[in-house]
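Data from data-v1.txt: compact mmCIF, C-alpha atoms and all ligand atoms
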```txt
# COMPACT_ATOMS: atom_id res chain seq x y z
CA MET A 16 0.00 0.00 0.00
CA GLU A 17 1.48 3.37 -1.06
CA LEU A 18 1.15 5.81 1.81
CA SER A 19 4.17 8.04 1.22
CA LEU A 20 3.50 11.75 0.75
CA GLN A 21 7.12 12.57 0.04
CA GLY A 22 7.33 15.52 -2.36
CA LYS A 23 3.73 16.58 -1.66
CA ASN A 24 2.75 19.92 -0.14
CA ALA A 25 -0.21 20.09 2.22
CA LEU A 26 -2.20 23.01 3.63
CA VAL A 27 -4.07 22.25 6.85
CA GLY A 28 -6.62 24.67 8.28
CA GLY A 29 -7.25 25.04 12.00
CA ALA A 30 -3.88 23.41 12.54
CA SER A 31 -2.73 25.09 15.73
CA ALA A 32 -4.82 22.77 17.93
CA GLY A 33 -7.15 19.79 18.09
CA ILE A 34 -7.93 17.70 15.04
CA GLY A 35 -6.18 20.03 12.57
CA ARG A 36 -2.95 19.90 14.50
CA ALA A 37 -3.14 16.11 14.64
CA VAL A 38 -3.77 15.94 10.89
CA ALA A 39 -0.68 18.08 10.27
CA GLN A 40 1.31 15.65 12.39
CA GLU A 41 0.09 12.56 10.51
CA LEU A 42 0.72 14.15 7.10
CA ALA A 43 4.24 15.08 8.19
CA LEU A 44 4.82 11.51 9.38
CA LEU A 45 3.90 10.32 5.88
CA GLY A 46 6.52 12.67 4.41
CA ALA A 47 4.52 15.74 3.30
CA ASN A 48 5.72 19.34 3.60
CA VAL A 49 2.98 20.84 5.75
CA ILE A 50 1.70 24.42 5.97
CA LEU A 51 -0.33 25.01 9.13
CA LEU A 52 -2.96 27.74 9.14
CA ALA A 53 -4.77 29.32 12.12
CA ARG A 54 -5.07 32.68 13.90
CA THR A 55 -2.71 32.26 16.85
CA GLU A 56 0.93 32.64 15.85
CA SER A 57 2.46 31.33 19.07
CA ALA A 58 0.41 28.11 18.87
CA LEU A 59 1.35 27.68 15.21
CA GLN A 60 5.01 28.13 16.05
CA SER A 61 4.96 25.37 18.63
CA ALA A 62 2.90 23.10 16.39
CA VAL A 63 5.36 23.51 13.51
CA ALA A 64 8.32 22.97 15.82
CA ALA A 65 6.81 19.66 16.96
CA LEU A 66 6.29 18.28 13.45
CA PRO A 67 8.45 15.37 12.38
CA ALA A 68 10.61 15.76 9.28
CA VAL A 69 11.19 12.08 8.52
CA ALA A 70 12.02 12.74 4.87
CA GLY A 71 13.84 16.07 5.26
CA GLN A 72 10.69 18.06 4.69
CA THR A 73 10.12 21.76 5.28
CA HIS A 74 7.13 22.83 7.36
CA ARG A 75 5.80 26.34 7.81
CA TYR A 76 2.76 28.24 9.05
CA CYS A 77 0.40 30.93 7.87
CA VAL A 78 -1.38 33.22 10.33
CA ALA A 79 -4.84 33.81 8.88
CA ASP A 80 -8.45 34.21 9.95
CA TYR A 81 -11.24 32.53 7.99
CA SER A 82 -13.50 35.43 8.95
CA ASP A 83 -11.54 37.65 6.56
CA THR A 84 -11.76 35.95 3.18
CA ALA A 85 -10.09 38.80 1.27
CA ALA A 86 -6.98 38.63 3.46
CA LEU A 87 -7.06 34.81 3.34
CA ARG A 88 -7.02 34.94 -0.47
CA THR A 89 -4.03 37.28 -0.52
CA GLN A 90 -2.11 35.16 1.97
CA VAL A 91 -2.74 31.88 0.18
CA GLU A 92 -1.88 33.42 -3.19
CA ALA A 93 1.45 34.49 -1.69
CA LEU A 94 1.98 30.98 -0.32
CA LEU A 95 1.37 29.47 -3.74
CA GLN A 96 3.92 31.85 -5.29
CA ASP A 97 6.39 30.54 -2.76
CA VAL A 98 5.79 26.79 -2.74
CA GLY A 99 4.22 26.15 -6.15
CA ALA A 100 1.51 23.52 -6.11
CA ILE A 101 -0.23 22.46 -2.92
CA HIS A 102 -1.43 18.91 -3.47
CA ILE A 103 -3.39 18.33 -0.28
CA LEU A 104 -5.96 20.69 1.20
CA VAL A 105 -7.46 19.91 4.58
CA ASN A 106 -10.40 22.23 5.15
CA ASN A 107 -10.85 22.61 8.88
CA THR A 108 -11.58 25.39 11.35
CA GLY A 109 -13.29 25.99 14.68
CA GLY A 110 -16.87 24.75 14.91
CA PRO A 111 -19.84 27.16 15.03
CA PRO A 112 -21.21 28.00 18.49
CA GLY A 113 -23.76 25.56 19.90
CA GLY A 114 -27.34 26.20 20.98
CA PRO A 115 -30.89 25.43 19.89
CA ILE A 116 -31.64 26.35 16.30
CA ALA A 117 -34.81 28.26 17.23
CA ALA A 118 -32.67 30.75 19.16
CA ALA A 119 -29.93 31.14 16.54
CA GLU A 120 -29.31 34.61 15.11
CA SER A 121 -28.99 35.07 11.33
CA ALA A 122 -25.48 36.42 11.90
CA ALA A 123 -24.39 33.06 13.31
CA PHE A 124 -25.52 31.26 10.15
CA LEU A 125 -23.75 33.81 7.95
CA GLN A 126 -20.53 33.54 9.95
CA ALA A 127 -20.57 29.74 9.87
CA TYR A 128 -21.39 29.70 6.15
CA ASN A 129 -18.50 32.07 5.50
CA ASN A 130 -15.90 30.29 7.65
CA HIS A 131 -16.82 26.79 6.57
CA LEU A 132 -18.39 26.74 3.11
CA LEU A 133 -17.03 29.91 1.50
CA CYS A 134 -13.49 29.49 2.82
CA ASN A 135 -13.42 25.85 1.69
CA HIS A 136 -14.55 26.99 -1.72
CA LEU A 137 -12.03 29.82 -1.94
CA LEU A 138 -9.13 27.58 -0.93
CA ALA A 139 -10.20 24.83 -3.31
CA GLN A 140 -10.43 27.32 -6.19
CA LEU A 141 -6.96 28.67 -5.42
CA LEU A 142 -5.34 25.24 -5.11
CA LEU A 143 -7.11 23.27 -7.83
CA PRO A 144 -5.00 24.52 -10.77
CA GLY A 145 -1.82 23.23 -9.07
CA MET A 146 -3.47 19.93 -8.17
CA GLN A 147 -4.67 19.45 -11.73
CA ALA A 148 -1.26 20.30 -13.21
CA ALA A 149 0.32 17.72 -10.89
CA ALA A 150 -2.49 15.22 -11.60
CA TYR A 151 -2.61 14.69 -7.83
CA GLY A 152 -5.04 16.40 -5.55
CA ARG A 153 -6.74 15.58 -2.27
CA ILE A 154 -9.36 17.85 -0.73
CA ILE A 155 -10.40 16.62 2.69
CA ASN A 156 -13.06 18.43 4.68
CA ILE A 157 -13.28 17.87 8.42
CA ILE A 158 -16.98 18.27 9.13
CA SER A 159 -19.21 16.26 11.44
CA THR A 160 -21.38 13.16 11.75
CA SER A 161 -24.27 15.63 11.73
CA VAL A 162 -24.34 15.27 7.93
CA LYS A 163 -25.83 11.84 8.65
CA GLU A 164 -27.76 12.56 11.85
CA PRO A 165 -28.25 16.17 12.98
CA LEU A 166 -26.97 16.60 16.54
CA ASP A 167 -29.11 18.13 19.29
CA GLY A 168 -28.05 21.60 20.38
CA LEU A 169 -25.86 22.26 17.34
CA GLY A 170 -28.39 23.84 14.97
CA VAL A 171 -26.14 26.26 13.09
CA SER A 172 -23.46 23.61 12.80
CA ASN A 173 -25.87 20.94 11.52
CA THR A 174 -27.19 23.28 8.85
CA THR A 175 -23.76 24.44 7.69
CA ARG A 176 -22.28 20.92 7.56
CA TRP A 177 -24.96 19.79 5.12
CA ALA A 178 -24.05 22.68 2.83
CA VAL A 179 -20.39 21.68 3.00
CA ALA A 180 -21.22 18.02 2.31
CA ALA A 181 -23.34 18.94 -0.73
CA TRP A 182 -20.60 21.28 -2.00
CA ALA A 183 -17.98 18.55 -1.55
CA LYS A 184 -19.98 15.88 -3.37
CA THR A 185 -20.62 18.22 -6.28
CA LEU A 186 -16.95 19.17 -6.47
CA ALA A 187 -15.93 15.49 -6.30
CA ASN A 188 -18.03 14.83 -9.41
CA GLU A 189 -16.36 17.69 -11.27
CA VAL A 190 -12.67 17.25 -10.47
CA GLY A 191 -12.25 13.48 -10.18
CA ARG A 192 -11.23 13.27 -13.82
CA PHE A 193 -8.12 15.34 -13.04
CA GLY A 194 -6.81 12.98 -10.37
CA VAL A 195 -8.30 15.11 -7.60
CA THR A 196 -10.49 13.50 -4.94
CA VAL A 197 -12.81 15.25 -2.50
CA ASN A 198 -13.86 13.51 0.70
CA ASN A 199 -15.25 14.38 4.12
CA VAL A 200 -14.09 13.07 7.47
CA LEU A 201 -16.86 13.10 10.08
CA PRO A 202 -15.44 13.10 13.60
CA GLY A 203 -17.51 11.86 16.49
CA TYR A 204 -16.72 13.00 20.04
CA THR A 205 -13.03 13.86 19.90
CA GLU A 206 -10.91 15.00 22.86
CA THR A 207 -10.23 18.64 21.94
CA ALA A 208 -11.03 22.11 23.25
CA ARG A 209 -14.17 22.09 21.08
CA LEU A 210 -15.58 19.01 22.83
CA GLN A 211 -14.66 20.42 26.23
CA GLU A 212 -16.57 23.60 25.39
CA ILE A 213 -19.66 21.64 24.31
CA ILE A 214 -19.57 19.53 27.48
CA ALA A 215 -19.17 22.61 29.70
CA LYS A 216 -22.11 24.37 28.04
CA ARG A 217 -24.31 21.28 28.29
CA ALA A 218 -23.36 20.80 31.95
CA ALA A 219 -24.19 24.41 32.81
CA GLY A 220 -27.58 24.13 31.05
CA ALA A 221 -28.49 20.81 32.67
CA GLY A 222 -27.20 21.58 36.15
CA GLN A 223 -24.97 18.52 36.00
CA SER A 224 -21.22 18.11 36.33
CA GLU A 225 -19.02 18.00 33.26
CA ALA A 226 -17.98 14.46 34.20
CA GLU A 227 -21.65 13.36 34.21
CA ILE A 228 -22.25 14.90 30.79
CA ALA A 229 -19.07 13.34 29.39
CA GLU A 230 -20.15 9.94 30.72
CA SER A 231 -23.62 10.32 29.19
CA PHE A 232 -22.03 11.19 25.81
CA LYS A 233 -19.86 8.07 26.00
CA GLN A 234 -22.94 5.91 26.52
CA HIS A 235 -23.96 6.77 22.92
CA VAL A 236 -20.69 5.40 21.55
CA PRO A 237 -20.38 1.63 21.07
CA LEU A 238 -16.66 1.91 21.95
CA ARG A 239 -17.67 3.77 25.18
CA ARG A 240 -14.88 6.34 24.86
CA PHE A 241 -14.02 9.55 23.04
CA ALA A 242 -11.65 9.59 20.05
CA ARG A 243 -8.13 10.90 20.35
CA PRO A 244 -7.43 13.59 17.74
CA GLU A 245 -4.83 11.38 16.09
CA GLU A 246 -7.47 8.70 15.44
CA VAL A 247 -9.47 11.18 13.36
CA ALA A 248 -6.27 12.47 11.77
CA ALA A 249 -5.23 8.98 10.67
CA ALA A 250 -8.36 8.73 8.51
CA ALA A 251 -7.63 12.09 6.90
CA ALA A 252 -4.01 11.15 6.26
CA PHE A 253 -5.06 7.90 4.60
CA LEU A 254 -7.47 9.79 2.33
CA ALA A 255 -4.57 12.10 1.42
CA SER A 256 -2.34 9.21 0.39
CA PRO A 257 -1.84 7.57 -3.00
CA ALA A 258 -3.45 4.43 -1.54
CA ALA A 259 -6.81 6.24 -1.38
CA ALA A 260 -6.80 7.26 -5.06
CA TYR A 261 -10.11 5.53 -5.83
CA ILE A 262 -12.04 6.85 -2.82
CA ASN A 263 -13.97 9.91 -3.91
CA GLY A 264 -17.06 11.80 -2.77
CA ILE A 265 -17.55 9.96 0.52
CA ASN A 266 -18.47 10.86 4.09
CA LEU A 267 -16.26 8.84 6.44
CA PRO A 268 -17.47 8.76 10.06
CA VAL A 269 -14.70 8.33 12.64
CA ASP A 270 -17.06 8.11 15.58
CA GLY A 271 -16.55 4.79 17.32
CA GLY A 272 -19.80 3.59 15.74
CA ARG A 273 -22.01 6.31 17.26
CA THR A 274 -23.88 7.15 14.04
CA LYS A 275 -26.86 4.82 13.80
CA SER A 276 -27.50 5.13 10.07
CA LEU A 277 -25.94 2.73 7.54
N1 LIG B 301 -13.93 17.71 18.72
C1 LIG B 301 -15.05 17.11 18.40
O1 LIG B 301 -15.61 16.33 19.20
C2 LIG B 301 -15.67 17.34 17.03
C3 LIG B 301 -16.73 16.51 16.65
C4 LIG B 301 -17.32 16.70 15.41
C5 LIG B 301 -16.88 17.72 14.59
N2 LIG B 301 -15.85 18.51 15.00
C6 LIG B 301 -15.44 19.60 14.12
O2 LIG B 301 -14.10 19.42 13.68
C7 LIG B 301 -13.51 20.72 13.48
C8 LIG B 301 -12.23 20.83 14.32
O3 LIG B 301 -12.58 20.64 15.66
P1 LIG B 301 -11.56 20.64 16.87
O4 LIG B 301 -12.24 19.88 17.92
O5 LIG B 301 -10.21 20.24 16.42
O6 LIG B 301 -11.57 22.19 17.24
P2 LIG B 301 -10.57 23.04 18.15
O7 LIG B 301 -9.80 22.16 19.06
O8 LIG B 301 -11.42 24.13 18.70
O9 LIG B 301 -9.52 23.65 17.09
C9 LIG B 301 -9.96 24.58 16.14
C10 LIG B 301 -8.80 25.04 15.29
O10 LIG B 301 -9.29 25.98 14.33
C11 LIG B 301 -8.59 27.22 14.45
N3 LIG B 301 -9.53 28.29 14.17
C12 LIG B 301 -10.65 28.61 14.86
N4 LIG B 301 -11.26 29.65 14.30
C13 LIG B 301 -10.50 30.04 13.23
C14 LIG B 301 -10.60 31.05 12.25
N5 LIG B 301 -11.61 31.95 12.27
N6 LIG B 301 -9.67 31.13 11.29
C15 LIG B 301 -8.64 30.26 11.25
N7 LIG B 301 -8.49 29.26 12.15
C16 LIG B 301 -9.41 29.16 13.13
C17 LIG B 301 -8.08 27.22 15.91
O11 LIG B 301 -6.91 28.00 16.08
P3 LIG B 301 -6.90 29.57 16.39
O12 LIG B 301 -7.88 29.76 17.51
O13 LIG B 301 -5.48 29.83 16.73
O14 LIG B 301 -7.31 30.24 15.13
C18 LIG B 301 -7.71 25.75 16.07
O15 LIG B 301 -6.46 25.50 15.48
C19 LIG B 301 -14.59 21.74 13.87
O16 LIG B 301 -15.31 22.16 12.74
C20 LIG B 301 -15.46 20.96 14.81
O17 LIG B 301 -16.75 21.47 14.94
C21 LIG B 301 -15.23 18.34 16.21
```
Just dump the structure as structure tokens.
Amino acid sequence: MELSLQGKNALVGGASAGIGRAVAQELALLGANVILLARTESALQSAVAALPAVAGQTHRYCVADYSDTAALRTQVEALLQDVGAIHILVNNTGGPPGGPIAAAESAAFLQAYNNHLLCNHLLAQLLLPGMQAAAYGRIINIISTSVKEPLDGLGVSNTTRWAVAAWAKTLANEVGRFGVTVNNVLPGYTETARLQEIIAKRAAGAGQSEAEIAESFKQHVPLRRFARPEEVAAAAAFLASPAAAYINGINLPVDGGRTKSL
């Protein structure tokens, strides 16, 4: 099985922490040159410093905010001038705030749509020419199992993820012929700051302890535990590899079996 990413450049969003950081790590372990993107420079610096360079790769970071698409465009255009083609794009950023959908403000939908769908689209448009020229492209979107079963208390997120999944499937149909695949990884409960925030909010609302809420979440998972970020990242790294060349347009849950649908 060909897993090596030697000679490939990868751009990973939301890579200063959580799942994105773990994806950057796994891609580096497979030999890719990785560019980590997020807002916090100090966190990016330590994430880059911790990346392995098993095949003499060069890693770097880009400080950018998905809320500012014009600046993001300029920064990624500059990156492309510098590195040439980027073969692997991992679309990932912080999740939208939780809460019941009936109480959600329009602004929250617009923000989530911008940071998730529109940024994914912008980055894909910028990177696709290089992927096509190299006849190797992997676009991997980290979204959520909510594309299969909407999750309670995450109304804005549920709605936005479906848009991303529909966008990804449509793009997969268009660009497959150029050697570019587009797939979604759907994390279940994964031990990151995002999950901690959701548990804390749920605990405050229910008048229960965070430990009780965490335990109740685990009861929905056949494996009875949360994922480690690297377990989600391993799926993304496999999809990025040559071995996954014929996997296109899928939603891959990495959720310990929590999703009930087939
Ligand atoms: N953890 C879970 O249980 C779980 C389950 C299902 C789905 N997901 C989804 O998976 C994705 C990643 O989750 P996670 O748990 O890894 O989240 P996380 O630990 O909160 O990490 C989010 C990352 O995104 C960056 N980020 C946030 N806002 C940004 C912005 N406006 N522009 C650029 N970068 C930004 C953060 O860095 P800076 O703050 O430095 O920018 C950080 O690197 C999210 O969409 C989340 O909803 C997570």
Query - Polymer residues at most 6 Å from region 50-60 of chain A, all atoms listed in the file, same-chain spacing of 6 or more positions, as a VMD selection string - result: chain A and resid 26 to 31 74 to 80
Report task. Do a neighbour search on Ala39 (chain A) at 12 Å with all atoms listed in the file, toss out local chain neighbours closer than 4 positions, and write the hits as JSON, numbers by chain. Result -> {"A": [24, 25, 26, 27, 28, 29, 30, 31, 32, 33, 34, 35, 43, 44, 45, 46, 47, 48, 49, 50, 51, 52, 59, 62, 63, 64, 65, 66, 67, 68, 74, 75, 76, 103, 104, 105, 106, 107, 244, 245, 247, 248, 249, 251, 252, 255]}
Report task. Between CA of Gly71 (chain A) and CA of Met146 (chain A), measure the distance and give it in Å to one decimal. Result -> 22.2 Å
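Nearest residue to ligand LIG 301 (chain B) among A:Arg273, A:Arg240, A:His136, A:His131 is A:His131, counting all atoms listed in the file.
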Edge lengths and centre in Å to one decimal, as lines of an AutoDock Vina configuration file, of the axis-aligned box that encloses all listed atoms of region 163-168 of chain A with 4 Å added on every side?
```
center_x = -27.5
center_y = 16.7
center_z = 14.5
size_x = 11.3
size_y = 17.8
size_z = 19.7
```
